[in-house]
Structure formats: structure tokens, C-alpha cells
Amino acid sequence: MENVQLDGLELRVGAHVLIQLGSELVTDVEQAILECVKNAYDADSPGCSIEIETREEGVRKETKPAAQLKKFLSPTESVRASLCNVDGTEIEGDLDPTSEVTRCLNYTGRITIKDDGAGLTIGALSNSWLVISGSQKRASSGPKKKTPKGRTPLGDKGLGRLGTMKLGDILLIETATAATEPVYSVQFRWGDCDYAATVDEIPVHSSTQPNSEGFKGTRVSVLGLNDMTEWRRPKRVDEITKSLARLVSPFEATSTFPVGITLDGAEQSLIAVTSDVLRRAIAEFSFEWISGEGINPHLIARARLRKRLLASERKGRQAEKTKLVFAPDGGEAFAEALPSFGRMKGYDKLNATHHGPWFVELERRYEWTDILPDSQMAMLDPGPFAGAFYYFHLNELGAPDEAAAAGVGIDSALIKSMSGISVLRDGFRVRSPGDWLGLSSEMTSGSTYGLRVDNTIGYFALTGEFNYGLTEKSDREGFVEDAHYRGFLQIARLCRKFASDAMENVRRSLDEQARKLIETQPAGQVPFSDPLDEMEKAAKASTDIKAIADKATEDLQRGLIELEQADRDGTIDPDLSRTKAMQLANAAIAAIDRVRGDIVPNSSQNAAIRRLRQSVEDRQEQMVSLYESAAVGLSARGLAHELRTHLAEIRQKVTAIQKAAKGGTSEHNVLPLIRSIRSSCTAISNAAALIDPMLPRSRSLKDEFDINEFVSEYLENRTLSFEKNGIKAVHVPIEGKLRVRVNRPRLLQVLDNLTRNSTYWLRRGSLLGQAVAAPTVTFEVNSRGFTIWDNGPGVDPHVEESLFEIFVTTKPDPSAGQGLGLFIVTQLLGLDGCTIELLADRNVLGRRYKFAVDLSAIIIKE
């Protein structure tokens, strides 16, 4: 059959697609209103007003041939449509399709967004406003063209008006470009979309009126409101006001566009978090991402913490500790000592004073290369922006901050309702799903003193001019996930970490200051009413061994219950926790034993002592098990990464073999593939072999072995792993033997953690294009133990004084490490009296890089 061309076929758009787009475009009525407010901003209006009249009743009329109107008479909740004569009476009976008729739209309820901007010409109405997804603001690439007043347009999709169907049925726009120009108006019904076959069938009414009121700008009205009962619900105006306050920047410092709102005659103003309220924050953080042509992108992060953040009186133990540090001199000695603490040496600037409004001010600079994660996903500089976080104490009734906030018309409930970090673009909020920045993760990551979701409000202030690479989704719920957004998110997460770390580091320094003061206190003057301290006193003073044992057991149990409860609540004091409890309990047992030498105890007294000793020993065993299990977990995580690499290679080689078999490839060409698979299997076996002896079943055993042989065996098992990563391992043995007696799996965990750290930083340099010519890890055995180093970047100077403390890490990706490895290494070595230190030697970059493990306490003397 001969091909015949069919004429007259064309692609058309069904009218119902507008309903589908509009229903999914925006989340709620507030967002729909905001889209119109943003249009007012783009029109260079100095501000805009929102007027809501739920009880207004009116009629809109439009005249067209009957054929164009007769099927569009379906009513909605607040609109009744009918065909009328010129005098307004309804037409009954059949109609001549060509006759002119008037459609009367009787509506109830109106929302109007009015601006004093540039207005729209008739050409703009026709070619932009009435063209769905038509926008004159869209830029093909690079930044958008600015408005005459220098604003970068917020809209560019031409879809914002579709969101108004969430508000009501009739969309009416009235606009004039000057007070002396006529007013153009255009209206149509969203309800007609259900009855039109294609978009072009929807009736559109346009008209021109004399500009008797001297109006210039644009009025967008939605007539015939949806969900009328919801609009008229008591306190609805307050909810609308608060919701809009979250969408139009709630921060006075970033607000660029005043918006007024009236509902049923009651005028409201958008409640803002004013600068006066923000000054009540007990901690504030500011951020500047600086980038541009000829500039190495970097982040400047600053923190300012008030004394009230540190001098907490909300917890019994914390209050006692605060009193010890601050009562004698108002914190002057602590302020002077603060720069000397290891955690505080990681800041580029530190200023502490006990008499100013801010107790401590911190600053640190981060380079773009420090921020980039280890993943292969593309990540681009999002362009310069700024941000700020504010941390409040608003959880207690009558707290000073709450009273201050209430004095300016904002209570703690409002602060909590606005909690979280907003993303603003030219003063308008870009809605983001949930806790997009992960503030809640700070509460579960092990940090005791970090940010709290309900207590923190803040923002990142983006601009259309500089951050045009960030593209909002069509539904306005966040950004399209691309390279620019990933770059922005990585920087934002670093800001979050800086803020939490700043509070954590200063408060842990306070804990350390308190501990030092306690150690210098005369006997009997320690301010803490620790139950184990009381137990020690009782043991020394009493001559009744049964009373001592019973009291000691009761106090110890109560103390342990308190520690467990504090652990569950996340309020445990890390410096006076289980380790302190064990030390005091052992001291109490020793005191009991000394008294028992003078008194012959009966069987019940002996039983009480045994129970006390057993309880302490059980706790010690639990701590050792915890450290060992955590160390195994860290090694297992590294093993999981290796397994993925090896399995991927095995799959690749198996696929190659299958293809070779189908193609009749000779045995000679297949053998290298088989050898590669066997090599990967061996690597998996060796990696698993490293984990097996670390398992808890072998933790109580102590072996005698030679460190030279120990290191050599470990390196042999990791040969393939080093080869996969292009790393050379160098073993420098000591002459003769260096025999030790120690739990072999624990020492294996120490060696494995240090090796994996070196591997990580050498691989990271390769990923960032900073690889060294010959990546090398060196293992040198000496008379005191062994030293490990690599020729990678070395230790970041910001953490070289705090590297072995818990949760200290410079790895940009949390999945790569959370600052536990070196802390656990320290604890495992400490169980046998051994130590680890970062030597003072510096590499070619001026960074310290050698880790020395001192095994003197376990060396077997010949």
C-alpha cells in the first residue's frame, strides 16, 4: 500500500493538564499567594498588599457567542454560573449558537494581591500572562537580566499563576503601566478546564477601562474562594499571617519587600523576627561563602557565645560545675585559660573575655578543597552567599531569653514554630522538605552540646544574581539536585558542623576546667555531692563493716542508675562519668578492705563486699567490650568498602569471561581474567581474616609475640588492598626482636585504624587531583614500639592538638568517619598502659604527620 500523507494533524494540549499542574504545583494556599507576591517583587514594586474578603459577594459578566459559553456553566463551591440577558435575567430554553449572550459569574469571597510596580502592557498580557509556561524572565544561561531597579527576577517558569487554582475559581488580573494609561483586565475560570477539550477553548474575557483612580501597577484577584469554612475558621488570619511570615523573609535583616495583609477588614502585619529579638540569642553564628573570578572559594565561619550558654543552671551537676568555674571571678580565669585547651587551638581567631556581651568569639576559614567530599558526584561552587544561625534557650518557663522575647511581642512558641534553617532567595523563602539540613542528626550523633532543632532559627541568604546555578523545582519544594545544589548543601552542612562544634568545644573545655579545679580542691571541699565520694568518707569513718558494705552498695547502685539515666537523656558528663565512678568505687573497696583487717566480718558482710566489687568489675568489663566492639565496627566499615570494590571487579571479569566464551576466545585470553578473580577472592579472604581475630570471643586472651613479625604479617594480608589503591607499604624493622605480651586483637585494631587513615588521605588526594608521585605508608618498628606515617597531606593544623579526643575529625564526608577511630585507639592502648602521640616532625607542607605508638608497658624484657 502506498504511503499517503495525512494533513491537518497537530499536537494539542488538553485543558485538564492545567488542573493536574495546578494541583501539584504548590503545597498550600500560602505558597499560592506567595507566587503572586513574588511577581509583584519582579515588577519593581516597593511592596505589596494582600486583601482577603471571605464575605464579599459580586458578579463578573462576560459576553460571547452562545456556542463558546453554553457548556461552561458548571457551579463550584463559591461560584454560580448562568447565561443572562442584557438586563441580567437568566435565559431559559434553547439558544442560537451564534447569538451573543452574557455569562454571569456570581461569586463569594475574594483574595487580591496588589502592587505598585511597572504594570503590564497589552502585549505582555497576551504573550506572557496568557501563555502557560511563558515567561519573559527566563534566561537561557547565566544570570537573569535585571529589572530597571536592579532586582534579579525570582520567577522564570511561567507557572506560578497555576497555583492560584488552590485559592479559588476565577482568576482576574487588572493592570496599568501608568496613572494616565487605561486599565487592562483579563479573566478566566479554572473550573472551565474540566469542560474544555483543549486549552484554547477556555473562555477568556478581556476589557479596557478608563483609569479614573490613577492606578499604576497590577492587581491579581482570585474570586469565589475554595474551602470557605476553612477561611472563616477562628484564628485563621493569625495562621495565615504566621505562615506568610515564614515565606516572606521572617528576618528583619534580610527582608527586602514589605507585605501587608488584611482579612475581613482586620489589618495584620507579618510578624518578623526583628534584630532586637535576635540579639537575645545566647549563641549566634555567621557565615560568608566567598567566591568569584580570581578568588579561591572559601568559607569564613564565625561564632559568638554568651556566658549564659555556658553558665547553665538547668541541670544539677552542670549548675555545680558552673558555680565552681564562674563563681570566684566571673569566669576570668576560664577566659584566660580557654586558648590553651586542645579543642580551642583549631580556630584561626579566638577572643575570650568575662566582662563583655559575648564570652567567647571564634573564627575559622575553610578552603573549597577541604569541603569537597570523597564521592565521585560532580559538585560546583554555588556562588557567593551569606548565612546566620541563632540559638535560644526557650524551653524553660520564665527563662531570661523568653522574657526578653515576650517583651517585644514574640514568645517562645513562635520562635519554636519558626525553628529550623530557611533558604532565602532575595528575601523570599525557598521551601525545603523537613529538616533538610539535618539539625536533628546533631542530637543523635554523640554530641552532648550541639545545636537543637527547637532552639535554632537561621537562614542562608541567596541571590538570583550570584546563585543563579541553583534552580528551584517547579513545585517550589527545594532545589533541583544538581552539581550547584550539591555544592551548596555541602557548604551548608559544614556551617552546621562548625556551629555545633563551637558550642561543643567551648563547653567541653569548661568541663575540663572544672575537672582541673576539682583536682586542686582540698580534701572534703569538692562541690559535687557524688554518692561514691560519700561512700569513701563512710568507709574511712565507720568501724562497722556491714554498715559500710550496705551503704556502699546502695550508693553505688544509685549512682549507676543516675549515670544510666543521664546516658539515656543525652546529659551524661563525659569527664565525671563511668571512668570516675569506677575509680572511686575501687578506692572505696580498698578502704573497706583496710577496715576489714581490724574487724572480722561475718558471711553477710563478706557477701555485700563481693556484690560491690562484682558490680564495679562488671562495669569495667562493659566499657572494655564497648571500646572493642566499636573498634571492630570501624574496621568492618572499611572491610565493607573493600568488599564492594572487589565484588565489582569480580562481576566485571565474570562478564568479560561470558563474552569471551560466546565469542570463542582462546584459553590464553581468558586466563588473566580468572587470575584477577582469584586475586580479588584472596583479597576478600585476607580482609575478612583481619576482622575475625578482633571479635569479642578472643578479647580476654593475651599473647606473646614479636612486633616485627606482627607488622609483617599484617602488611602481607593487606598487600592486595595497597595495590588496588596504588600505595606502597614500607616496613622498617628493628634489629633483633621486640617481644610484647598483650591482647593481639586490640593491637591489631590499633594498627588497622592507623593504616586505614593513611589509606583514606592518600586516596582523597588522588580524588581531588592532589595525588603524590608515589603514595607510601611507612611502618617503622623501634625500641619503644612502632611509628606509622605516610606522604599524604598530613594532619590539619586546626586539630593537631585535639586529634585524639572524641568526635574530632576533618573528614568532610560523615560516612568516612565521625572522629571515633583515634579516640578508641587511645582507649584500647590505655587498657594496657600504652600510649599514642602525634610527633612534632613536619612534612613538606609544614604539617605534623607521624604517629608513634609507645608499647613500653607491655615489652618483655630479655
# chains A, B, ... in the order shown; residues from 1 in each chain; ligands from 1
$ closest_atom_pairs --of "region 6-77 of chain A" --to "region 425-428 of chain A" --cutoff "12 Å" --atoms "only C-alpha atoms" --output "JSON lines"
{"residue": "A:Gln31", "atom": "CA", "partner": "A:Phe428", "partner_atom": "CA", "distance": 10.9}
{"residue": "A:Leu34", "atom": "CA", "partner": "A:Phe428", "partner_atom": "CA", "distance": 8.6}
{"residue": "A:Glu35", "atom": "CA", "partner": "A:Phe428", "partner_atom": "CA", "distance": 10.0}
{"residue": "A:Val37", "atom": "CA", "partner": "A:Phe428", "partner_atom": "CA", "distance": 9.5}
{"residue": "A:Lys38", "atom": "CA", "partner": "A:Phe428", "partner_atom": "CA", "distance": 7.8}
{"residue": "A:Asn39", "atom": "CA", "partner": "A:Phe428", "partner_atom": "CA", "distance": 11.5}
{"residue": "A:Tyr41", "atom": "CA", "partner": "A:Asp426", "partner_atom": "CA", "distance": 9.6}
{"residue": "A:Asp42", "atom": "CA", "partner": "A:Asp426", "partner_atom": "CA", "distance": 10.6}
$ residues_around --residues "Phe460 (chain A)" --least-positions-apart "6" --cutoff "8 Å" --atoms "only C-alpha atoms" --output "PyMOL selection string"
chain A and resi 385-388+421-424
$ write_last_selection --atoms "C-alpha atoms" --output "PDB file, in the first residue's frame"
ATOM      1  CA  PHE A 385      26.190  33.892  49.750  1.00  0.00           C
ATOM      2  CA  ALA A 386      25.849  34.574  53.454  1.00  0.00           C
ATOM      3  CA  GLY A 387      24.024  32.961  56.360  1.00  0.00           C
ATOM      4  CA  ALA A 388      23.397  33.114  60.076  1.00  0.00           C
ATOM      5  CA  ILE A 421      17.194  26.914  58.839  1.00  0.00           C
ATOM      6  CA  SER A 422      15.485  28.747  55.992  1.00  0.00           C
ATOM      7  CA  VAL A 423      16.850  29.163  52.492  1.00  0.00           C
ATOM      8  CA  LEU A 424      16.026  32.639  51.202  1.00  0.00           C
TER       9      LEU A 424
END
$ residues_around --residues "Pro433 (chain A)" --least-positions-apart "2" --cutoff "8 Å" --atoms "only C-alpha atoms" --output "count of residues only"
5
$ select_by_dssp --residues "region 66-236 of chain A" --states "strand (DSSP E or B)" --output "NGL selection string"
:A and (79-84 or 90 or 100-115 or 168-176 or 183-189 or 198 or 205-209 or 217-225)
$ closest_residue --among "A:Leu11, A:Val325, A:Leu738, A:Leu470" --to "Gln513 (chain A)" --atoms "only C-alpha atoms"
A:Val325
$ atom_distance --atom1 "CA of Ile836 (chain A)" --atom2 "CA of Glu862 (chain A)"
23.9 Å
$ residues_around --residues "region 185-193 of chain A" --least-positions-apart "6" --cutoff "7 Å" --atoms "only C-alpha atoms" --output "list in words"
Ala15, His16, Ile19, Phe72, Met165, Asp169, Ile170, Leu171, Leu172, Ile173, Glu174, Thr175, Ile202, Pro203, Val204, His205, Ser206, Ser207 and Thr208 of chain A
$ closest_atom_pairs --of "region 330-378 of chain A" --to "region 743-765 of chain A" --cutoff "10 Å" --atoms "only C-alpha atoms" --output "Markdown table"
| residue | atom | partner | partner_atom | distance |
| --- | --- | --- | --- | --- |
| A:Thr369 | CA | A:Gly765 | CA | 9.8 |
| A:Leu372 | CA | A:Arg764 | CA | 9.8 |
| A:Pro373 | CA | A:Arg764 | CA | 8.7 |
| A:Asp374 | CA | A:Arg764 | CA | 6.3 |
| A:Ser375 | CA | A:Arg764 | CA | 9.6 |
$ residues_around --residues "Pro384 (chain A)" --least-positions-apart "4" --cutoff "8 Å" --atoms "only C-alpha atoms" --output "list in words"
Glu288, Trp289, Ile290, Ser291, Gly292, Leu462, Phe466 and Asn467 of chain A
$ write_last_selection --atoms "all heavy atoms" --output "PDB file, in the first residue's frame"
ATOM      1  N   GLU A 288      30.083  33.404  55.680  1.00  0.00           N
ATOM      2  CA  GLU A 288      30.281  34.064  54.389  1.00  0.00           C
ATOM      3  C   GLU A 288      30.982  33.092  53.448  1.00  0.00           C
ATOM      4  O   GLU A 288      32.108  32.673  53.725  1.00  0.00           O
ATOM      5  CB  GLU A 288      31.149  35.315  54.540  1.00  0.00           C
ATOM      6  CG  GLU A 288      30.499  36.500  55.195  1.00  0.00           C
ATOM      7  CD  GLU A 288      31.440  37.692  55.204  1.00  0.00           C
ATOM      8  OE1 GLU A 288      31.492  38.420  54.191  1.00  0.00           O
ATOM      9  OE2 GLU A 288      32.153  37.870  56.214  1.00  0.00           O
ATOM     10  N   TRP A 289      30.283  32.722  52.374  1.00  0.00           N
ATOM     11  CA  TRP A 289      30.926  31.925  51.335  1.00  0.00           C
ATOM     12  C   TRP A 289      31.414  32.912  50.274  1.00  0.00           C
ATOM     13  O   TRP A 289      30.631  33.595  49.633  1.00  0.00           O
ATOM     14  CB  TRP A 289      29.951  30.920  50.742  1.00  0.00           C
ATOM     15  CG  TRP A 289      30.560  30.130  49.625  1.00  0.00           C
ATOM     16  CD1 TRP A 289      30.250  30.199  48.298  1.00  0.00           C
ATOM     17  CD2 TRP A 289      31.606  29.156  49.733  1.00  0.00           C
ATOM     18  NE1 TRP A 289      31.030  29.336  47.576  1.00  0.00           N
ATOM     19  CE2 TRP A 289      31.886  28.685  48.422  1.00  0.00           C
ATOM     20  CE3 TRP A 289      32.354  28.657  50.801  1.00  0.00           C
ATOM     21  CZ2 TRP A 289      32.857  27.730  48.165  1.00  0.00           C
ATOM     22  CZ3 TRP A 289      33.332  27.710  50.542  1.00  0.00           C
ATOM     23  CH2 TRP A 289      33.567  27.242  49.251  1.00  0.00           C
ATOM     24  N   ILE A 290      32.715  32.981  50.136  1.00  0.00           N
ATOM     25  CA  ILE A 290      33.341  33.985  49.280  1.00  0.00           C
ATOM     26  C   ILE A 290      33.911  33.296  48.044  1.00  0.00           C
ATOM     27  O   ILE A 290      34.737  32.383  48.155  1.00  0.00           O
ATOM     28  CB  ILE A 290      34.449  34.730  50.042  1.00  0.00           C
ATOM     29  CG1 ILE A 290      33.858  35.400  51.297  1.00  0.00           C
ATOM     30  CG2 ILE A 290      35.137  35.756  49.154  1.00  0.00           C
ATOM     31  CD1 ILE A 290      34.895  35.980  52.233  1.00  0.00           C
ATOM     32  N   SER A 291      33.437  33.708  46.882  1.00  0.00           N
ATOM     33  CA  SER A 291      33.948  33.134  45.638  1.00  0.00           C
ATOM     34  C   SER A 291      33.748  34.144  44.523  1.00  0.00           C
ATOM     35  O   SER A 291      33.068  35.156  44.684  1.00  0.00           O
ATOM     36  CB  SER A 291      33.214  31.826  45.305  1.00  0.00           C
ATOM     37  OG  SER A 291      31.848  32.074  45.023  1.00  0.00           O
ATOM     38  N   GLY A 292      34.332  33.867  43.416  1.00  0.00           N
ATOM     39  CA  GLY A 292      34.236  34.771  42.277  1.00  0.00           C
ATOM     40  C   GLY A 292      35.476  34.657  41.417  1.00  0.00           C
ATOM     41  O   GLY A 292      36.412  33.895  41.721  1.00  0.00           O
ATOM     42  N   LEU A 462      20.480  33.622  49.716  1.00  0.00           N
ATOM     43  CA  LEU A 462      20.954  33.509  48.334  1.00  0.00           C
ATOM     44  C   LEU A 462      20.422  34.677  47.512  1.00  0.00           C
ATOM     45  O   LEU A 462      19.497  35.376  47.933  1.00  0.00           O
ATOM     46  CB  LEU A 462      20.481  32.193  47.719  1.00  0.00           C
ATOM     47  CG  LEU A 462      20.767  30.905  48.498  1.00  0.00           C
ATOM     48  CD1 LEU A 462      20.170  29.713  47.776  1.00  0.00           C
ATOM     49  CD2 LEU A 462      22.262  30.715  48.693  1.00  0.00           C
ATOM     50  N   PHE A 466      23.867  36.087  42.003  1.00  0.00           N
ATOM     51  CA  PHE A 466      25.087  35.308  42.165  1.00  0.00           C
ATOM     52  C   PHE A 466      24.856  33.810  42.260  1.00  0.00           C
ATOM     53  O   PHE A 466      25.774  33.034  42.029  1.00  0.00           O
ATOM     54  CB  PHE A 466      25.848  35.785  43.412  1.00  0.00           C
ATOM     55  CG  PHE A 466      26.324  37.197  43.340  1.00  0.00           C
ATOM     56  CD1 PHE A 466      25.804  38.167  44.178  1.00  0.00           C
ATOM     57  CD2 PHE A 466      27.294  37.574  42.416  1.00  0.00           C
ATOM     58  CE1 PHE A 466      26.232  39.483  44.108  1.00  0.00           C
ATOM     59  CE2 PHE A 466      27.738  38.886  42.341  1.00  0.00           C
ATOM     60  CZ  PHE A 466      27.205  39.843  43.182  1.00  0.00           C
ATOM     61  N   ASN A 467      23.655  33.388  42.634  1.00  0.00           N
ATOM     62  CA  ASN A 467      23.387  31.959  42.834  1.00  0.00           C
ATOM     63  C   ASN A 467      22.403  31.419  41.811  1.00  0.00           C
ATOM     64  O   ASN A 467      21.559  30.583  42.110  1.00  0.00           O
ATOM     65  CB  ASN A 467      22.861  31.721  44.252  1.00  0.00           C
ATOM     66  CG  ASN A 467      23.703  32.382  45.332  1.00  0.00           C
ATOM     67  OD1 ASN A 467      23.239  33.275  46.025  1.00  0.00           O
ATOM     68  ND2 ASN A 467      24.955  31.963  45.452  1.00  0.00           N
TER      69      ASN A 467
END
